[in-house]
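In what follows, a single structure is set out as structure tokens and then discussed.
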Amino acid sequence: MDKLAAKNIDEKFCSECGSKIKSKAEICPQCGVRQIGQNATINFGQVAPNGKSKMAAALLAFFLGGFGIHKFYLGQVGQGILYLLFCWTLIPAFIAFIEFILYLTMNDETFNQKYGHA
């Protein structure tokens, strides 16, 4: 019956079970599924538990990626040294540009799993 009732202005329907929930709710109290709305925005200010920022890593990859600065920032010192050793070939710059795009398109959970550990 709850699924067929009209929703108020401050309510929405759960994307999984169809129950009426508050429009600001992130998780449905009925089924426990995280809600993804049409007005969801990308939050570039999200910081991993170890203090690393996805946006900072992306900007470092774009501007200084040819020298591997983003690798040092993310704690991957060995890869950063490889980038420095081969920076004269411009291959690290090309790879860093691809990583820049990957960082921007990566969701926060994936970034935290890969780079969020201490």
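The chains in the structure tokens are called A, B, ... from first to last as shown; in each chain the residues are counted from 1, and the ligands are counted from 1 in the order shown.
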
Who sits within 12 Å of Leu102 (chain A), only C-alpha atoms, same chain under 5 positions skipped, as a ChimeraX atom specification: /A:54-55,57-59,61-62,95-97,107-108,110-111

Got time to write the residues from that selection, all heavy atoms, as a CSV table (one decimal), in the first residue's frame?
```
chain,number,residue,atom,x,y,z
A,54,LYS,N,41.7,12.4,-4.1
A,54,LYS,CA,41.6,11.9,-5.5
A,54,LYS,C,41.9,13.1,-6.5
A,54,LYS,O,42.6,12.9,-7.5
A,54,LYS,CB,40.3,11.3,-5.8
A,54,LYS,CG,40.0,10.8,-7.2
A,54,LYS,CD,38.7,10.1,-7.3
A,54,LYS,CE,37.6,11.0,-7.3
A,54,LYS,NZ,36.3,10.4,-7.7
A,55,MET,N,41.4,14.2,-6.2
A,55,MET,CA,41.6,15.4,-7.0
A,55,MET,C,43.0,15.8,-7.0
A,55,MET,O,43.5,16.2,-8.1
A,55,MET,CB,40.6,16.5,-6.6
A,55,MET,CG,40.6,17.6,-7.5
A,55,MET,SD,40.1,17.1,-9.2
A,55,MET,CE,39.4,18.5,-9.8
A,57,ALA,N,45.6,13.9,-6.5
A,57,ALA,CA,46.4,12.9,-7.3
A,57,ALA,C,46.1,13.2,-8.8
A,57,ALA,O,47.1,13.1,-9.6
A,57,ALA,CB,45.9,11.5,-6.9
A,58,ALA,N,44.9,13.5,-9.2
A,58,ALA,CA,44.6,13.7,-10.6
A,58,ALA,C,45.4,15.0,-11.1
A,58,ALA,O,46.0,15.0,-12.2
A,58,ALA,CB,43.1,13.9,-10.8
A,59,LEU,N,45.4,16.0,-10.3
A,59,LEU,CA,46.1,17.3,-10.8
A,59,LEU,C,47.6,17.1,-10.8
A,59,LEU,O,48.2,17.6,-11.8
A,59,LEU,CB,45.7,18.4,-9.8
A,59,LEU,CG,44.3,18.9,-10.0
A,59,LEU,CD1,44.0,20.0,-8.9
A,59,LEU,CD2,44.0,19.5,-11.3
A,61,ALA,N,49.0,14.2,-11.5
A,61,ALA,CA,49.3,13.4,-12.7
A,61,ALA,C,49.2,14.2,-13.9
A,61,ALA,O,50.0,14.0,-14.9
A,61,ALA,CB,48.2,12.3,-12.7
A,62,PHE,N,48.3,15.2,-14.0
A,62,PHE,CA,48.2,16.0,-15.2
A,62,PHE,C,49.4,17.0,-15.4
A,62,PHE,O,50.0,17.1,-16.4
A,62,PHE,CB,46.9,16.8,-15.1
A,62,PHE,CG,46.6,17.6,-16.4
A,62,PHE,CD1,46.2,17.0,-17.5
A,62,PHE,CD2,46.9,19.0,-16.4
A,62,PHE,CE1,46.0,17.7,-18.7
A,62,PHE,CE2,46.6,19.7,-17.6
A,62,PHE,CZ,46.2,19.1,-18.7
A,95,ILE,N,51.6,8.0,-19.9
A,95,ILE,CA,50.9,7.1,-19.0
A,95,ILE,C,50.3,7.9,-17.9
A,95,ILE,O,49.1,7.6,-17.4
A,95,ILE,CB,51.9,6.1,-18.4
A,95,ILE,CG1,52.5,5.2,-19.4
A,95,ILE,CG2,51.3,5.3,-17.2
A,95,ILE,CD1,53.6,4.3,-19.0
A,96,ALA,N,50.9,9.0,-17.4
A,96,ALA,CA,50.4,9.9,-16.4
A,96,ALA,C,49.1,10.6,-16.9
A,96,ALA,O,48.1,10.7,-16.1
A,96,ALA,CB,51.4,10.9,-15.9
A,97,PHE,N,49.0,10.9,-18.1
A,97,PHE,CA,47.8,11.5,-18.7
A,97,PHE,C,46.6,10.5,-18.6
A,97,PHE,O,45.5,10.9,-18.3
A,97,PHE,CB,48.0,12.0,-20.1
A,97,PHE,CG,46.8,12.7,-20.7
A,97,PHE,CD1,46.4,13.9,-20.2
A,97,PHE,CD2,46.0,12.1,-21.6
A,97,PHE,CE1,45.3,14.6,-20.7
A,97,PHE,CE2,44.9,12.7,-22.1
A,97,PHE,CZ,44.5,13.9,-21.7
A,107,ASN,N,35.5,6.1,-8.9
A,107,ASN,CA,34.6,6.5,-7.8
A,107,ASN,C,35.4,6.5,-6.5
A,107,ASN,O,36.5,5.9,-6.5
A,107,ASN,CB,33.4,5.6,-7.7
A,107,ASN,CG,33.6,4.2,-7.4
A,107,ASN,OD1,34.6,3.9,-6.8
A,107,ASN,ND2,32.7,3.3,-7.8
A,108,ASP,N,34.9,7.2,-5.5
A,108,ASP,CA,35.6,7.3,-4.3
A,108,ASP,C,35.9,6.0,-3.6
A,108,ASP,O,37.0,5.9,-3.0
A,108,ASP,CB,34.8,8.2,-3.3
A,108,ASP,CG,34.7,9.7,-3.8
A,108,ASP,OD1,35.6,10.1,-4.6
A,108,ASP,OD2,33.7,10.3,-3.5
A,110,THR,N,36.5,3.0,-4.9
A,110,THR,CA,37.6,2.4,-5.6
A,110,THR,C,38.9,3.1,-5.2
A,110,THR,O,39.9,2.4,-5.0
A,110,THR,CB,37.3,2.3,-7.1
A,110,THR,OG1,36.1,1.8,-7.3
A,110,THR,CG2,38.4,1.5,-7.8
A,111,PHE,N,38.9,4.4,-5.3
A,111,PHE,CA,40.1,5.1,-4.9
A,111,PHE,C,40.6,4.8,-3.5
A,111,PHE,O,41.8,4.6,-3.3
A,111,PHE,CB,39.9,6.6,-5.1
A,111,PHE,CG,41.1,7.5,-4.8
A,111,PHE,CD1,42.1,7.7,-5.8
A,111,PHE,CD2,41.3,8.1,-3.6
A,111,PHE,CE1,43.2,8.4,-5.5
A,111,PHE,CE2,42.4,8.8,-3.3
A,111,PHE,CZ,43.4,9.0,-4.3
```

DSSP alpha helix (DSSP H) selection over region 15-111 of chain A, as a ChimeraX atom specification: /A:54-64,69-73,77-85,91-105,108-111

CA of Leu104 (chain A) to CA of Glu16 (chain A), straight-line distance in Å: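 Interatomic distance, CA of Glu16 (chain A) to CA of Leu104 (chain A): 27.9 Å.
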
Residues within 8 Å of region 26-34 of chain A, only C-alpha atoms, excluding chain neighbours under 5 positions, as JSON, numbers by chain: {"A": [14, 16, 17, 19, 21]}

Output the selection as a CSV table (one decimal), in the first residue's frame - N, CA, C and O atoms for each residue.
```csv
chain,number,residue,atom,x,y,z
A,14,CYS,N,12.2,4.5,-3.1
A,14,CYS,CA,13.4,3.8,-3.1
A,14,CYS,C,13.6,3.1,-4.5
A,14,CYS,O,12.7,2.6,-5.1
A,16,GLU,N,15.1,0.5,-5.2
A,16,GLU,CA,15.1,-1.0,-5.1
A,16,GLU,C,13.7,-1.5,-4.8
A,16,GLU,O,13.2,-2.3,-5.5
A,17,CYS,N,13.2,-1.1,-3.6
A,17,CYS,CA,11.9,-1.7,-3.2
A,17,CYS,C,10.7,-0.8,-3.4
A,17,CYS,O,9.6,-1.3,-3.3
A,19,SER,N,9.6,1.8,-1.7
A,19,SER,CA,9.1,2.4,-0.5
A,19,SER,C,9.3,3.9,-0.5
A,19,SER,O,10.2,4.4,-1.1
A,21,ILE,N,10.6,7.2,1.0
A,21,ILE,CA,11.6,7.5,1.9
A,21,ILE,C,11.8,9.0,1.7
A,21,ILE,O,11.4,9.7,0.8
```

Counting only C-alpha atoms, the residue of A:Gln113, A:Phe67, A:Thr105, A:Gln46 that sits nearest Leu82 (chain A): A:Phe67

Contacts of Gly75 (chain A) at 12 Å (only C-alpha atoms; same-chain gap of 4+ positions) as a ChimeraX atom specification: /A:50-52,57,68-71,79-81,114-118

Grab the residues selected above and save them as a short mmCIF file (atom, residue, chain, number, x, y, z; two decimals), in the first residue's frame with N, CA, C and O atoms.
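See result_36.cif below for the written result:
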```cif
data_model
loop_
_atom_site.label_atom_id
_atom_site.label_comp_id
_atom_site.auth_asym_id
_atom_site.auth_seq_id
_atom_site.Cartn_x
_atom_site.Cartn_y
_atom_site.Cartn_z
N ASN A 50 43.71 7.87 4.72
CA ASN A 50 45.11 8.25 4.98
C ASN A 50 45.40 9.70 4.60
O ASN A 50 46.54 10.13 4.63
N GLY A 51 44.36 10.45 4.20
CA GLY A 51 44.53 11.87 3.89
C GLY A 51 44.81 12.17 2.44
O GLY A 51 45.02 13.32 2.08
N LYS A 52 44.82 11.17 1.57
CA LYS A 52 45.09 11.38 0.15
C LYS A 52 43.81 11.79 -0.57
O LYS A 52 42.75 11.23 -0.35
N ALA A 57 45.63 13.93 -6.54
CA ALA A 57 46.36 12.94 -7.32
C ALA A 57 46.15 13.16 -8.82
O ALA A 57 47.09 13.07 -9.62
N GLY A 68 56.48 11.63 -12.28
CA GLY A 68 56.01 10.65 -11.30
C GLY A 68 55.63 11.22 -9.95
O GLY A 68 55.51 10.49 -8.97
N ILE A 69 55.40 12.53 -9.88
CA ILE A 69 55.09 13.16 -8.60
C ILE A 69 53.80 12.58 -8.00
O ILE A 69 53.71 12.40 -6.79
N HIS A 70 52.82 12.25 -8.84
CA HIS A 70 51.57 11.68 -8.33
C HIS A 70 51.81 10.31 -7.70
O HIS A 70 51.14 9.93 -6.74
N LYS A 71 52.80 9.58 -8.20
CA LYS A 71 53.12 8.27 -7.62
C LYS A 71 53.74 8.44 -6.24
O LYS A 71 53.42 7.69 -5.32
N GLN A 79 57.44 3.12 -8.20
CA GLN A 79 56.94 3.55 -9.50
C GLN A 79 57.32 5.01 -9.78
O GLN A 79 57.61 5.37 -10.92
N GLY A 80 57.33 5.83 -8.73
CA GLY A 80 57.75 7.22 -8.90
C GLY A 80 59.18 7.33 -9.38
O GLY A 80 59.51 8.16 -10.23
N ILE A 81 60.05 6.48 -8.84
CA ILE A 81 61.46 6.48 -9.27
C ILE A 81 61.58 6.03 -10.72
O ILE A 81 62.36 6.60 -11.49
N LYS A 114 42.16 1.33 -3.34
CA LYS A 114 43.48 1.22 -3.97
C LYS A 114 44.54 2.05 -3.26
O LYS A 114 45.67 1.62 -3.10
N TYR A 115 44.18 3.27 -2.86
CA TYR A 115 45.19 4.21 -2.37
C TYR A 115 44.91 4.73 -0.97
O TYR A 115 45.68 5.52 -0.46
N GLY A 116 43.85 4.29 -0.31
CA GLY A 116 43.46 4.84 0.97
C GLY A 116 44.09 4.19 2.18
O GLY A 116 43.82 4.58 3.30
N HIS A 117 44.93 3.20 2.01
CA HIS A 117 45.57 2.55 3.14
C HIS A 117 46.81 3.34 3.56
O HIS A 117 47.41 4.04 2.75
N ALA A 118 47.16 3.19 4.81
CA ALA A 118 48.29 3.97 5.36
C ALA A 118 49.63 3.50 4.87
O ALA A 118 49.87 2.56 4.26
#
```

Selected residue of minimal separation from Gln35 (chain A) among A:Ala56, A:Phe13, A:Tyr73, A:Ala48, counting only C-alpha atoms: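 Of all the options, A:Phe13 lies closest to Gln35 (chain A).
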